[in-house]
Every structure is written in C-alpha cells, then in structure tokens.
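One structure is given here, and the rest of the page talks about it.
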Amino acid sequence: MKTAFLASIPAHLEYQGRPCALVLRAIGLVLAVVLGFAQDAVAQQNLVTAIDIALEPDATMLQHAKDANARLLKSFPKGFPLDETHHPHVTMLQQFVRTEDLDKVFAAANAVLAKERPKAWVLKAFKYYYVPSPPLGLAGIVVELTEDLHRLQDELIKAVEPYTVKTGTPAAFFSEDGGRDIQEDLIRYVANFVTDAAGKRFNPHVTIGVGTETYLNEMLAEPFPSFTFSAAGASVYQLGTFGTARKELKALPLTP
C-alpha cells in the first residue's frame with residue numbers, strides 16, 4: 001500500500017527502477033537533515049534558563065501585595081493576578097544560567113542563604129513605585145535597602161557566576177504563549193542585571209501587577225503606611241513575562 005508521501009510522487013519517477021530509488025534516497029537524506037536541524041534547535045532552546053533567586057515574603061507582605069494587586073486588576077483587568085504562577089517575591093538576583101547546571105545553582109544559593117540566615121532580618125516596606133512602559137507601568141512595593149540585603153546579593157552573584165551565560169532567548173523563560181509574551185526589554189534586563197540592577201542600583205521590591213500610568217500615579221500620590229515584614233523562605237524560579245516568578249524550580253528553606 002502506498003503511503004500519502006509516496007502517492008504524491010509522480011508516476012514517471014515511481015517506476016524508473018534504480019534512478020527512482022536514488023531519488024527517494026536523496027529525499028530521505030534531505031528529510032533527515034531537516035529533522036536533525038529541528039531537533040538541534042529544540043535542544044539549543046533548552047540549554048539556558050532565565051532564573052530568579054528570590055526571598056519569599058511572610059503573610060504580612062503577601063496580604064499587602066495581594067490587596068494592591070486587587071486594586072490594579074479592578075482598574076486594569078488585563079493585568080495579571082498574584083497567584084500560584086505569579087508568586088510575590090523579593091528578587092535578589094536574576095540571571096541566565098546553563099540548564100544543565102541548575103542543580104549546582106540550587107546548591108550554591110542554598111549555601112549562601114544558610115550562612116546569611118535572612119529569615120531573622122526585619123525588612124521595611126515604605127512606598128509604591130513602577131517601571132513605566134507607556135501607557136502602562138509595572139508596579140511594586142519598595143523594600144528599604146539594608147546592608148544585609150546588599151551583602152546577600154553580592155554573595156549570591158559570586159556563588160552563581162560560574163554557571164551563568166551572557167544572554168538568552170524567549171525560550172529560556174516560562175511561557176504558555178510560545179515565547180511571544182516575553183519582552184525584549186526583559187531579556188536585556190536579565191542579561192544586564194548585575195551591572196544595571198545590583199549593587200548601588202539594587203531596588204528590592206515586591207511586584208504587585210500592571211496598571212495604567214494614570215492610575216499608578218494616583219497610587220503613588222497617596223500616603224503609604226510603612227510596615228515591616230520578614231522572609232519566610234527562598235526559592236529559585238524560572239522567570240516569565242514582565243519578570244514574574246512563574247515556575248518554582250527549587251524551594252530553599254531558610255533556618256531561623
């Protein structure tokens with residue numbers, strides 16, 4: 001019985017004996033090469049993962065973040081909710097790392113956290129802020145920068161550095177849209193995190209969602225009652241759109 005592929009071959013080729021066999025063999029070789037390239041492309045996509053090493057805030061911060069997120073969703077329903085695939089967190093470090101080295105990244109981060117014991121720190125939230133992307137903005141609750149947070153970030157950067165790569169593609173991120181929801185600005189942000197968002201430029205915060213700039217400016221103009229909170233845990237996440245913590249790769253329990 002002919003397959004659909006063989007049935008598509010013209011009759012004058014189908015019954016030409018050995019020349020026809022050579023044609024079919026050549027076609028098979030071409031298909032093998034094409035499929036090989038496709039498999040290599042998929043493998044290449046999985047070589048790099050965009051990660052976020054983050055502190056997990058306690059119930060106090062979680063409630064404030066979810067309340068603010070509800071406000072933003074009411075004003076701008078097309079934003080994202082804080083849920084199991086958009087975890088509220090305090091980013092300490094974002095990087096592109098080799099996927100095959102993820103276990104080494106987990107171990108390195110865990111060793112730093114075990115030494116620093118951030119669960120014992122008292123952290124202070126003191127204002128809202130947002131990153132503009134007119135006419136929208138990505139908003140967060142800003143955490144007061146302390147020497148402890150600075151030191152923890154510096155140590156994580158050094159510990160993870162052997163496993164990092166310079167940049168990645170949308171395939172390095174968690175996406176349910178084939179990478180089409182991954183912003184070019186986000187890729188550049190992760191690639192340049194150590195130079196542009198660490199050290200003196202470190203802005204610890206908990207992302208609360210997306211809103212219009214008009215509404216966010218109104219929020220920022222309101223009095224912000226500061227509050228204190230602590231870290232309840234830590235995790236390594238795979239980043240998603242807008243730099244959200246979409247997929248937990250490894251939970252890193254903190255000791256008191």
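Ligands are numbered from 1 in the order shown, chains are lettered A, B, ... in the order of the structure tokens, and residues start at 1 in each chain.
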Checklist entry - as a PyMOL selection string, which residues of range 65-97 of chain A does DSSP assign to alpha helix (DSSP H)? => result chain A and resi 65-75
Would you mind listing what lies within 9 Å of Val190 in chain A as a PDB file with N, CA, C and O atoms, in the first residue's frame, with only C-alpha atoms counted and same-chain residues fewer than 5 positions away left out?
ATOM      1  N   ALA A  50      16.256  31.210  32.339  1.00  0.00           N
ATOM      2  CA  ALA A  50      16.236  32.520  32.993  1.00  0.00           C
ATOM      3  C   ALA A  50      15.713  32.327  34.413  1.00  0.00           C
ATOM      4  O   ALA A  50      14.570  31.914  34.607  1.00  0.00           O
ATOM      5  N   ILE A  51      16.558  32.606  35.398  1.00  0.00           N
ATOM      6  CA  ILE A  51      16.186  32.329  36.786  1.00  0.00           C
ATOM      7  C   ILE A  51      16.081  33.593  37.628  1.00  0.00           C
ATOM      8  O   ILE A  51      16.644  34.637  37.307  1.00  0.00           O
ATOM      9  N   LEU A  93      18.461  38.133  42.735  1.00  0.00           N
ATOM     10  CA  LEU A  93      19.338  38.006  41.575  1.00  0.00           C
ATOM     11  C   LEU A  93      18.579  37.365  40.424  1.00  0.00           C
ATOM     12  O   LEU A  93      17.903  36.353  40.607  1.00  0.00           O
ATOM     13  N   GLN A  94      18.693  37.950  39.246  1.00  0.00           N
ATOM     14  CA  GLN A  94      18.185  37.356  38.016  1.00  0.00           C
ATOM     15  C   GLN A  94      19.359  37.132  37.067  1.00  0.00           C
ATOM     16  O   GLN A  94      20.201  38.001  36.907  1.00  0.00           O
ATOM     17  N   GLN A  95      19.377  35.944  36.452  1.00  0.00           N
ATOM     18  CA  GLN A  95      20.478  35.594  35.557  1.00  0.00           C
ATOM     19  C   GLN A  95      20.026  34.564  34.537  1.00  0.00           C
ATOM     20  O   GLN A  95      19.038  33.845  34.737  1.00  0.00           O
ATOM     21  N   PHE A  96      20.780  34.478  33.433  1.00  0.00           N
ATOM     22  CA  PHE A  96      20.671  33.352  32.524  1.00  0.00           C
ATOM     23  C   PHE A  96      21.725  32.337  32.950  1.00  0.00           C
ATOM     24  O   PHE A  96      22.909  32.683  33.084  1.00  0.00           O
ATOM     25  N   THR A 167      23.529  35.863  27.784  1.00  0.00           N
ATOM     26  CA  THR A 167      22.152  36.212  27.440  1.00  0.00           C
ATOM     27  C   THR A 167      21.383  34.954  27.063  1.00  0.00           C
ATOM     28  O   THR A 167      21.927  33.839  27.087  1.00  0.00           O
ATOM     29  N   GLY A 168      20.106  35.131  26.721  1.00  0.00           N
ATOM     30  CA  GLY A 168      19.269  34.008  26.338  1.00  0.00           C
ATOM     31  C   GLY A 168      18.226  34.460  25.339  1.00  0.00           C
ATOM     32  O   GLY A 168      18.232  35.607  24.874  1.00  0.00           O
ATOM     33  N   ASP A 185      12.812  43.875  26.262  1.00  0.00           N
ATOM     34  CA  ASP A 185      13.368  44.620  27.393  1.00  0.00           C
ATOM     35  C   ASP A 185      13.668  43.701  28.568  1.00  0.00           C
ATOM     36  O   ASP A 185      14.637  43.916  29.303  1.00  0.00           O
ATOM     37  N   GLY A 243       8.963  39.688  34.018  1.00  0.00           N
ATOM     38  CA  GLY A 243       9.872  39.335  35.103  1.00  0.00           C
ATOM     39  C   GLY A 243       9.181  38.680  36.278  1.00  0.00           C
ATOM     40  O   GLY A 243       9.702  38.692  37.398  1.00  0.00           O
TER      41      GLY A 243
END
Checklist outcome for this item: From the list A:Ala251, A:Val97, A:Ala125, A:Leu82, the nearest residue to Ala191 in chain A using only C-alpha atoms is A:Val97
Next on the checklist: With only C-alpha atoms as the counted atoms, please give the residues lying no more than 10 Å from Tyr128 in chain A, apart from itself and same-chain residues fewer than 2 positions off, as a ChimeraX atom specification.
Outcome noted: /A:68,125-126,130,139-143,205-208,216-217,219-224
Checklist entry - Which one is closest to Pro77 in chain A: A:Met61, A:Val210, A:Ala172, A:Ala198? Count only C-alpha atoms. => result A:Val210
Item to check | Coordinates-based distance that separates CA of Thr241 in chain A from CA of Pro135 in chain A (Å, one decimal) | outcome: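 Between CA of Pro135 in chain A and CA of Thr241 in chain A the gap works out to 17.4 Å.
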Checklist entry - Of the residues A:Tyr163, A:Phe174, A:Phe229, A:Phe106, which is the one nearest to Lys119 in chain A, using only C-alpha atoms? => result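 Among the listed residues, A:Phe229 lies closest to Lys119 in chain A.
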Item to check | Picked from range 74-227 of chain A by DSSP as strand (DSSP E), as a VMD selection string | outcome: chain A and resid 90 to 98 123 to 133 136 to 143 164 to 165 205 to 212 227
Item to check | Spatial neighbours of Thr244 in chain A, 10 Å, only C-alpha atoms, chain gap at least 5 places, as an MDAnalysis selection string | outcome: chainID A and resid 52 80 82 85:89 91 174 207:209 237:239
Checklist entry - In Å to one decimal, how far is CA of Ala245 in chain A from CA of Ile187 in chain A? => result 14.4 Å
Checklist entry - Of the candidates A:Ala120, A:Ala54, A:Leu136, A:Ala59, which one gets nearest to Glu248 in chain A if we count only C-alpha atoms? => result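 Using only C-alpha atoms, the shortest distance to Glu248 in chain A belongs to A:Ala54.
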Item to check | Nearest candidate to Phe227 in chain A (options A:Ala197, A:Leu47, A:Val112, A:Val122; using only C-alpha atoms) | outcome: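 The answer is A:Val122, which sits nearest to Phe227 in chain A.
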Checklist entry - What is the distance, in Å and to one decimal place, between CA of Glu161 in chain A and CA of Leu123 in chain A? => result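 Taking CA of Glu161 in chain A as the start and CA of Leu123 in chain A as the end point, the length is 26.5 Å.
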